[in-house]
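Data first, discussion second: the structure below is written as structure tokens.
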Amino acid sequence: MRTLFRYISIFAIICTLLPAIVAGQTDTLRFYDTRKQLANSSGNIDMRIARFELSGPISLHGFSVLLDGVPDTFTVRIFGHEGGTSFPQLREDLIPPVKGVKSTTGKERVSIPLDTVLVLRNNQFFVAIEDLGSTTHLRQSVATLPPTCTSSSGGNYYYQSFLNNGSWSLGSRAFAIDVVCRKHDLPETPHFTNITETAKIIGNGNQLAAADINNDGLIDILQGGKLLLNDWWKSKQFNDVTEASGISGNPKANALIDMNNDGYLDILFLGAGDSSFVFINDGTTNFARHHLKGIKNKALERANAVSFADLNNDGYLDMFVGQLWNTYPNALPKFLFFNTQKNDFSDKSDLLYSGAQNLRNAPCRGSQFADINNDGCLDLYVVNYVTTASKTTSPRDELWLNNGDGSFTNIIDQTGIDSTIGPTFWNMSSGCHWGDYDNDGDIDLLASTLSHPRFMNGNGGEYTEPTTLYRNLFMESGKIAMKDEAGSHGIEYEETHAGATWGDYNNDGLLDFFIASFYGCRYNDLYRQLPDQTFQLTSFENGFNGFRGGADGIWLDINNDGKLDLLSAGQLMLNTGPYYGDWIELQPKSSGSNLFAVGARVTVYANKTKFTRDVTIGRGQNMQRPFRLHFGLGHIKSIDSVRVSWPGCSGKTSLFTNLSKNNVYVLEENGQATLSTDKAEDHTIAIYPNPSTGDFTIVTTAIITDITVVDSRGNRIPITLTKQGESCIVHLPESAAPGIYILNGRTASNLITRRLIKLDR
């Protein structure tokens, strides 16, 4: 027994071989010290629960339980993430409960294999023991253990909890329960790297905007009132030019918009002190401040959602603003402002909220303009957050259909989105992002929600709904209809989900998403879309385990390598994954409407698939992604065509052909496509033979440095480089298995990524 259960530290997870329980190599998870004294836990407890924290995905094969006392039978239940709470409030069984038998008097370890292997990908799970008699005891550590995490909002996270007579309590010891599992292999280096400090990212991470503000082909960042210019090619850093550019203030929300439609991006500060301001760009990244007189002083003290569209088709961007509260739960009003064409706005809120104060004053946690019915006119989605004071009267989310004549109709009741289940409800909507995740040509809704466990099952007649997807059925039915994919999308329940955002981070042609979480001791997550249009949690593989904070996030490609990076909670995560799918990045430029083509829809046709993206400004909670649209394309030979539907409800389109994959283009309304200035050089790079048995020759006019090769899991492969005239030969080791490898390197101004196919020798 001592050999099998050797010493581990309190917080370590040690791997041991348990062939008597599971055939083959297995690992053991335990959180008690086997060399220190154990004692019997109290009897007469309905349920004893052990909480297990994970450092990576596992396949669960079984468990063993150390008991004392008389022979007895008992029941073991396994609960999953359980919404991220420190004890399993829902008690939802992942598999049918299993029986255990203690057959002897005294101390006995009972081993219980599972008939079905259970894969767990989240950061915690629970093993519960119930139906033990009062004279049979579950062993536990004598030593008390500190919580693994403490938070004023999230609570304390210990290793054990108890349920007795309907009441919960937490314990500071650890039960003598061993979980038998197999750890999944993780990349030696996570596929995302936190470069916040080295890249010199500063500012409030809950107010994000990104765009190429100085026209150098690189995406810059406006974060919490700080303007950070991208200097990747020279220093791999962002330079804070806020003060030097004439910008000052501490806004509640900020945005990058072309206020005067002159082709240069200006900067908007909302709720900066008593007033709001626009900083007008003179074309050289110098800004002059203008007071927005059309917005009353102190009107936007809690601006929490800001979205833009040219609603009256005059070429100037109009603005929707949603707010939370100064004093919970009494929300401040929402506003709709029209651009006066004189560097100011005028209040047109009555177009939405005339006689509807219940809507206007509902707490807002997000908004987005989106064309939900493919008519070219931008509709408006507004996220309302139900509060304690208003759960019986507060409205659902709002979906304002653009009628094309300057009027709007709230059609949320027709869609089934954010539906009320019962007389009272807790649909605390916390974010939104519309995107075509099923590649059928209409946009679908990623609806994130904060959902308390006590109301998940209609406790006391009160109901809540967790984060879900609404599939747009317009392309199927020809009318506005949404299908709630609850129960089939694969998204794990999390109580405190905040904002979420679509992005194809692995370039396989399927939209994935990032989702943030409120509360301490809760974690942000990354989900990958699978070919069957369900989603799989991939936080551990991508280096997101332990990533906390922030209300939302944005995807952006900071180094023009075709891989989406992520900015959230003031943290910049660089995508270094071995993703070898093809891609294209496109930025439409309009001449007949607003110059940055806000409201345009871009469709890429390739490999018998259409990939749809919209140019929008302002999504979720104070988030603005770049105007440049990123398309992951999977593995394609070439792009067939690209169609741009220009903004303004006009139906005008432009067709582009002969666009090359793995490039960044600017698309003009006159049909001209030009490579973005992101490439300071234009070199031909050829690799042959490819496939090869292990030696690959690189022929190029460029000087390539920092050459590395990784396998499909991101593990770096030792290589040898040989110079041969103007060529370079990359030698893979003989031990490298046949398959696909990724070569990475750098020219003077660009990152390069190439796929290598190694054949069996």
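Chain lettering (A, B, ...) mirrors the order of the structure tokens, residue numbering begins at 1 for each chain separately, and ligand numbering begins at 1 in order of display.
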Would you give me, as a list in words, the residues in segment 503-543 of chain A that DSSP reads as strand (DSSP E or B)? Gly503, Asp512, Phe513, Phe514, Ile515, Ala516, Ser517, Asp525, Leu526, Tyr527, Arg528, Gln529, Phe535, Gln536 and Leu537 of chain A
Residues as selected, N, CA and C atoms, written as a compact mmCIF listing (two decimals), in the first residue's frame, can you do that?
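Output file result.txt is given in full below:
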```txt
# COMPACT_ATOMS: atom_id res chain seq x y z
N GLY A 503 -14.40 34.05 -33.47
CA GLY A 503 -13.15 34.19 -34.21
C GLY A 503 -12.60 32.82 -34.57
N ASP A 512 -14.78 29.77 -34.03
CA ASP A 512 -14.63 29.39 -32.63
C ASP A 512 -15.04 30.60 -31.79
N PHE A 513 -14.93 30.50 -30.46
CA PHE A 513 -15.23 31.69 -29.67
C PHE A 513 -14.49 31.70 -28.34
N PHE A 514 -14.24 32.92 -27.88
CA PHE A 514 -13.69 33.21 -26.55
C PHE A 514 -14.83 33.73 -25.69
N ILE A 515 -14.84 33.34 -24.41
CA ILE A 515 -15.88 33.83 -23.50
C ILE A 515 -15.25 34.16 -22.16
N ALA A 516 -15.57 35.35 -21.64
CA ALA A 516 -15.04 35.81 -20.36
C ALA A 516 -16.00 35.44 -19.24
N SER A 517 -15.54 35.62 -18.00
CA SER A 517 -16.37 35.32 -16.83
C SER A 517 -16.21 36.40 -15.78
N ASP A 525 -12.64 31.28 -21.04
CA ASP A 525 -12.49 30.02 -21.77
C ASP A 525 -12.42 30.24 -23.27
N LEU A 526 -11.85 29.24 -23.95
CA LEU A 526 -11.74 29.22 -25.40
C LEU A 526 -12.41 27.95 -25.91
N TYR A 527 -13.34 28.11 -26.84
CA TYR A 527 -14.05 26.98 -27.41
C TYR A 527 -13.72 26.84 -28.90
N ARG A 528 -13.48 25.61 -29.32
CA ARG A 528 -13.22 25.29 -30.72
C ARG A 528 -14.45 24.64 -31.33
N GLN A 529 -14.82 25.10 -32.54
CA GLN A 529 -15.94 24.47 -33.22
C GLN A 529 -15.48 23.19 -33.91
N PHE A 535 -19.29 22.49 -30.03
CA PHE A 535 -18.11 23.20 -29.56
C PHE A 535 -17.43 22.43 -28.43
N GLN A 536 -16.10 22.48 -28.44
CA GLN A 536 -15.29 21.75 -27.47
C GLN A 536 -14.37 22.74 -26.74
N LEU A 537 -14.34 22.62 -25.43
CA LEU A 537 -13.49 23.48 -24.61
C LEU A 537 -12.02 23.16 -24.85
```
Proximity of segment 172-266 of chain A to segment 627-645 of chain A: per-residue shortest pair, 12 Å limit, only C-alpha atoms, as a Markdown table:
```
| residue | atom | partner | partner_atom | distance |
| --- | --- | --- | --- | --- |
| A:Ala209 | CA | A:Phe627 | CA | 10.2 |
| A:Ala210 | CA | A:Phe627 | CA | 8.2 |
| A:Ala211 | CA | A:Phe627 | CA | 6.3 |
| A:Asp212 | CA | A:Phe627 | CA | 8.5 |
| A:Ile213 | CA | A:Phe627 | CA | 10.7 |
| A:Gly217 | CA | A:Arg628 | CA | 10.2 |
| A:Leu218 | CA | A:Arg628 | CA | 10.4 |
| A:Ile219 | CA | A:Arg628 | CA | 8.9 |
| A:Asp220 | CA | A:Phe627 | CA | 11.4 |
| A:Leu256 | CA | A:Phe627 | CA | 10.0 |
| A:Ile257 | CA | A:Phe627 | CA | 10.1 |
| A:Asp258 | CA | A:Phe627 | CA | 11.5 |
| A:Leu265 | CA | A:Phe627 | CA | 11.0 |
```
Shell around Asn744 of chain A at 9 Å using only C-alpha atoms, local window under 2 positions removed, as a ChimeraX atom specification: /A:706-710,742,746,751-755
Would you mind exporting the chosen residues as an mmCIF file, in the first residue's frame, restricted to C-alpha atoms?
```cif
data_model
loop_
_atom_site.group_PDB
_atom_site.id
_atom_site.type_symbol
_atom_site.label_atom_id
_atom_site.label_comp_id
_atom_site.auth_asym_id
_atom_site.auth_seq_id
_atom_site.Cartn_x
_atom_site.Cartn_y
_atom_site.Cartn_z
ATOM 1 C CA ASP A 706 14.541 32.312 -36.855
ATOM 2 C CA ILE A 707 13.517 29.127 -38.667
ATOM 3 C CA THR A 708 11.730 26.612 -36.430
ATOM 4 C CA VAL A 709 9.601 23.530 -37.065
ATOM 5 C CA VAL A 710 6.772 22.252 -34.850
ATOM 6 C CA ILE A 742 4.774 23.608 -39.632
ATOM 7 C CA ARG A 746 10.897 35.611 -40.380
ATOM 8 C CA LEU A 751 6.410 36.309 -40.362
ATOM 9 C CA ILE A 752 6.135 33.284 -42.638
ATOM 10 C CA THR A 753 4.397 29.972 -42.041
ATOM 11 C CA ARG A 754 4.622 26.982 -44.373
ATOM 12 C CA ARG A 755 3.290 23.451 -44.168
#
```
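Between Ala600 of chain A and the residues A:Asn374, A:Ser153, A:Gln223, A:Ser429, the shortest atom-to-atom distance, using only C-alpha atoms, involves A:Asn374.
Neighbouring residues of Gly106 of chain A at 8 Å or closer, counting only C-alpha atoms and skipping chain neighbours under 5 positions away, are Leu67, Asp68, Gly69 and Val70 of chain A.
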Create the file for the chosen residues now, containing N, CA and C atoms and written as a PDB file, in the first residue's frame.
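As written to disk, selection-v7.pdb reads:
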```pdb
ATOM      1  N   LEU A  67     -11.982   3.619   3.199  1.00  0.00           N
ATOM      2  CA  LEU A  67     -13.052   3.610   4.189  1.00  0.00           C
ATOM      3  C   LEU A  67     -12.595   2.924   5.469  1.00  0.00           C
ATOM      4  N   ASP A  68     -13.361   3.142   6.521  1.00  0.00           N
ATOM      5  CA  ASP A  68     -13.132   2.470   7.809  1.00  0.00           C
ATOM      6  C   ASP A  68     -14.505   2.101   8.376  1.00  0.00           C
ATOM      7  N   GLY A  69     -14.508   1.143   9.329  1.00  0.00           N
ATOM      8  CA  GLY A  69     -15.762   0.755   9.959  1.00  0.00           C
ATOM      9  C   GLY A  69     -16.259  -0.578   9.466  1.00  0.00           C
ATOM     10  N   VAL A  70     -17.558  -0.749   9.528  1.00  0.00           N
ATOM     11  CA  VAL A  70     -18.164  -2.045   9.230  1.00  0.00           C
ATOM     12  C   VAL A  70     -18.437  -2.167   7.740  1.00  0.00           C
TER      13      VAL A  70
END
```
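Closest to Asp711 of chain A among A:His81, A:Arg302, A:Lys758, A:Lys483 is A:Lys758, based on only C-alpha atoms.
Distances here use only C-alpha atoms; by that measure, the residue among A:Val179, A:Leu66, A:Val98, A:Ala500 closest to Ser141 of chain A is A:Leu66.
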Test item: residues at most 7 Å from segment 306-310 of chain A, only C-alpha atoms, excluding those fewer than 4 positions along its chain, as a ChimeraX atom specification: /A:314-322,367-369,598-599,617-619,622
In Å, with one decimal, what is the gap from atom CA of Ala551 of chain A to atom CA of Pro531 of chain A? 28.8 Å
Env of Tyr381 of chain A: 12 Å cut, atoms = only C-alpha atoms, seq-sep filter 6 positions within chain, self excluded. Answer as a VMD selection string. chain A and resid 305 to 308 320 to 322 352 364 to 372 396 to 402 408 to 412 417 to 418 429 431 to 434 444 to 447 618 to 620
For Arg761 of chain A, which residue among A:Leu595, A:Ile704, A:Pro691, A:Ser430 is the nearest when counting only C-alpha atoms? A:Pro691
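Computed from the coordinates, the atom CA of Lys334 of chain A to atom CA of His291 of chain A distance equals 20.3 Å.
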Selected residue of minimal separation from Gly550 of chain A among A:Arg601, A:Thr616, A:Val730, A:Gln621, counting only C-alpha atoms: A:Gln621
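Among the candidates A:Thr705, A:Asn204, A:Ser692, A:Asn230, the one nearest to Asp760 of chain A when counting only C-alpha atoms is A:Ser692.
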Please report the interatomic distance between atom CA of Ser488 of chain A and atom CA of Ala128 of chain A in Å with one decimal. 26.4 Å
